[in-house]
Structure formats: C-alpha cells, structure tokens
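What follows is the content of query_6.tsv (TSV, C-alpha atoms).
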chain	number	residue	atom	x	y	z
W	127	MET	CA	276.43	36.92	241.90
W	128	LEU	CA	273.82	39.28	240.60
W	129	ARG	CA	273.87	37.44	237.28
W	130	LYS	CA	273.26	34.17	239.03
W	131	GLU	CA	270.39	35.70	240.85
W	132	ILE	CA	268.99	37.06	237.57
W	133	GLU	CA	269.47	33.69	235.90
W	134	ASN	CA	267.76	31.97	238.80
W	135	LEU	CA	264.87	34.41	238.60
W	136	GLN	CA	264.64	33.91	234.82
W	137	LYS	CA	264.58	30.13	235.29
W	138	HIS	CA	262.01	30.55	237.98
W	139	ILE	CA	259.93	32.78	235.66
W	140	GLU	CA	260.27	30.24	232.82
W	141	ASN	CA	259.23	27.44	235.12
W	142	ASN	CA	256.29	29.50	236.30
W	143	ASN	CA	255.34	30.26	232.68
W	144	LYS	CA	255.49	26.55	231.83
W	145	LYS	CA	253.39	25.69	234.84
W	146	LYS	CA	250.99	28.48	233.94
W	147	GLN	CA	250.68	27.12	230.36
W	148	GLU	CA	250.13	23.58	231.67
W	149	LEU	CA	247.50	24.81	234.10
W	150	GLU	CA	245.78	26.80	231.35
W	151	ASN	CA	245.73	23.69	229.13
W	152	GLN	CA	244.31	21.62	231.99
W	153	MET	CA	241.75	24.31	232.67
W	154	GLY	CA	240.71	24.34	229.00
W	155	GLU	CA	240.29	20.56	229.05
W	156	ILE	CA	238.31	20.77	232.27
W	157	MET	CA	236.08	23.51	230.83
W	158	THR	CA	235.44	21.43	227.70
W	159	ARG	CA	234.53	18.41	229.83
W	160	HIS	CA	232.35	20.62	232.01
W	161	GLN	CA	230.50	21.95	228.95
W	162	ASP	CA	230.01	18.40	227.65
W	163	LYS	CA	228.71	17.25	231.04
W	164	HIS	CA	226.44	20.29	231.27
W	165	LYS	CA	225.03	19.60	227.79
W	166	HIS	CA	224.49	15.94	228.70
W	167	PHE	CA	222.78	17.03	231.93
W	168	THR	CA	220.53	19.44	230.01
W	169	ASP	CA	219.59	16.71	227.53
W	170	LEU	CA	218.79	14.28	230.34
W	171	LYS	CA	216.75	16.92	232.12
W	172	ALA	CA	214.73	17.60	228.94
W	173	LYS	CA	214.12	13.87	228.51
W	174	ALA	CA	213.04	13.60	232.14
W	175	VAL	CA	210.54	16.44	231.66
W	176	GLN	CA	209.21	14.80	228.51
W	177	LEU	CA	208.90	11.42	230.25
W	178	HIS	CA	207.15	13.10	233.17
W	179	LYS	CA	204.58	14.63	230.80
W	180	ILE	CA	203.99	11.24	229.17
W	181	THR	CA	203.68	9.61	232.59
W	182	VAL	CA	201.15	12.19	233.75
W	183	GLU	CA	199.16	11.73	230.53
W	184	LEU	CA	199.18	7.95	230.89
W	185	GLN	CA	198.27	8.15	234.56
W	186	SER	CA	195.26	10.26	233.67
W	187	LYS	CA	194.07	7.43	231.42
W	188	ILE	CA	194.45	4.78	234.11
W	189	VAL	CA	191.09	3.56	235.32
W	190	LYS	CA	190.89	3.76	239.07
W	191	SER	CA	187.46	2.36	239.80
W	192	PRO	CA	185.15	-0.30	238.36
W	193	GLU	CA	182.68	2.41	237.36
W	194	GLU	CA	185.33	4.28	235.41
W	195	TYR	CA	186.44	1.00	233.81
W	196	ALA	CA	182.87	0.20	232.77
W	197	SER	CA	182.40	3.73	231.45
W	198	ARG	CA	185.66	3.66	229.50
W	199	SER	CA	184.90	0.19	228.18
W	200	SER	CA	181.46	1.34	227.07
W	201	GLU	CA	182.97	4.36	225.30
W	202	LEU	CA	185.50	2.19	223.49
W	203	LYS	CA	182.80	-0.27	222.45
W	204	LYS	CA	180.76	2.60	221.01
W	205	VAL	CA	183.80	3.83	219.10
W	206	ILE	CA	184.38	0.32	217.74
W	207	GLU	CA	180.75	0.03	216.67
W	208	MET	CA	180.90	3.43	214.95
W	209	LYS	CA	184.05	2.34	213.10
W	210	LYS	CA	182.36	-0.91	212.05
W	211	GLU	CA	179.32	0.99	210.78
W	212	GLU	CA	181.53	3.41	208.86
W	213	ARG	CA	183.45	0.50	207.33
W	214	GLN	CA	180.19	-1.23	206.37
W	215	GLU	CA	178.87	1.97	204.80
W	216	LEU	CA	182.08	2.30	202.81
W	217	ASN	CA	181.87	-1.34	201.69
W	218	ASP	CA	178.23	-0.87	200.67
W	219	SER	CA	179.13	2.26	198.77
W	220	ILE	CA	181.99	0.46	197.01
W	221	GLN	CA	179.67	-2.42	196.05
W	222	LYS	CA	177.10	0.03	194.67
W	223	LYS	CA	179.81	1.77	192.67
W	224	LYS	CA	181.07	-1.57	191.32
W	225	LEU	CA	177.52	-2.53	190.31
W	226	GLN	CA	177.04	0.86	188.67
W	227	ILE	CA	180.33	0.44	186.80
W	228	LYS	CA	179.20	-2.97	185.53
W	229	LYS	CA	175.86	-1.49	184.39
W	230	ASN	CA	177.68	1.34	182.67
W	231	GLU	CA	180.02	-1.12	180.95
W	232	SER	CA	177.03	-3.19	179.81
W	233	ALA	CA	175.31	-0.07	178.52
W	234	GLN	CA	178.47	0.96	176.69
W	235	GLU	CA	178.73	-2.47	175.09
W	236	LEU	CA	175.08	-2.32	174.07
W	237	VAL	CA	175.57	1.12	172.54
W	238	LYS	CA	178.67	-0.10	170.71
W	239	ASP	CA	176.85	-3.18	169.41
W	240	LEU	CA	173.89	-1.06	168.26
W	241	LYS	CA	176.23	1.41	166.60
W	242	ASP	CA	178.02	-1.43	164.77
W	243	LYS	CA	174.66	-2.91	163.66
W	244	PHE	CA	173.45	0.50	162.62
W	245	GLN	CA	176.58	1.06	160.54
W	246	ILE	CA	176.17	-2.36	158.87
W	247	ASN	CA	172.45	-1.72	158.30
W	248	SER	CA	173.13	1.75	157.01
W	249	LYS	CA	175.62	0.36	154.47
W	250	ASP	CA	173.10	-2.25	153.36
W	251	THR	CA	170.33	0.35	153.21
W	252	TYR	CA	172.55	2.67	151.21
W	253	LYS	CA	173.37	-0.12	148.78
W	254	GLN	CA	169.67	-0.98	148.43
W	255	LEU	CA	168.79	2.65	147.87
W	256	ASN	CA	171.48	2.94	145.23
W	257	CYS	CA	170.14	-0.16	143.53
W	258	CYS	CA	166.60	1.16	143.65
W	259	VAL	CA	167.56	4.61	142.45
W	260	SER	CA	169.73	3.28	139.68
W	261	SER	CA	166.90	1.00	138.45
W	262	TYR	CA	164.61	4.00	137.94
What is this structure when it is put down as structure tokens?
Amino acid sequence: MLRKEIENLQKHIENNNKKKQELENQMGEIMTRHQDKHKHFTDLKAKAVQLHKITVELQSKIVKSPEEYASRSSELKKVIEMKKEERQELNDSIQKKKLQIKKNESAQELVKDLKDKFQINSKDTYKQLNCCVSSY
C-alpha cells in the first residue's frame, strides 16, 4: 500500500514535471512573441514620431493667409530669377571660354604654320648660303 502511494506520488510528480515543462515552453513562446510585438511597437512608435516631425514641418510651410501666400510667392519668384541669372552668367562664361578656346586654337595653328614656313625658308636660306659661300 505504501508502494502504491509512492508510485502514485511519483506519477503525480512526473505529470507535474511534464506540465511544468509544457508551461515553461509555452511561456518561452509567449515571451518571444511579446518581445517581437514590443519591437514592432517600438518601430511603429519611432515612425509615428518621425511622421509627426515631418507633419509639423510641412504645416509650418502651409500658407494660411493671402498675404503670406503673396509673400511666399514673391520669395519663390525672386529665387527663380536668381537661379535664371546664375544660369545665364554660367552660359555667358561658357560661351566666352569657348570663344577663347577657338582663338587659342587659331593662334596655335598660325604659330604652327609660321613655324613650318620658317623651317622651309630656313632650309632654303641655308641652301642659298651654302651655294653663295661655296662659290667664293
């Protein structure tokens, strides 16, 4: 009878150990899911804060009165005009540089042509001098 009681207690302990193991496994799974949900919540919260900042920034740019609209429009038109002027200055500068390059190329060609002519003339002059010197 005592053995049966011991066996019953051992079975009861084994069953409790199994249940404990199952509960621990479930608890581990629940903790993992909780951590995942918490991370997802944290990510969403960070995105919400970022979107709020963007919204506040955009709201500050919203024109709320006709005067502000006219002022902002005027500012943007000035910026556009400045950009156009800068672009025109750059284009003018590029055209001047291109013209200068063409002039430089022309000057280089002229120098090359004169050098070639000078070399030809110098050969002829040398030949003539040799002829004159040899005839003396």
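The interatomic distance for the pair atom CA of Lys238 of chain W and atom CA of Thr251 of chain W works out to 19.4 Å.
The two atoms in question, atom CA of Ala172 of chain W and atom CA of Glu155 of chain W, are spaced 25.7 Å apart.
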Next item on the list: Rounded to one decimal place, report the atom CA of Asn247 of chain W-atom CA of Gln234 of chain W distance in Å.
Entry: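 Between these atoms lies a distance of 19.5 Å.
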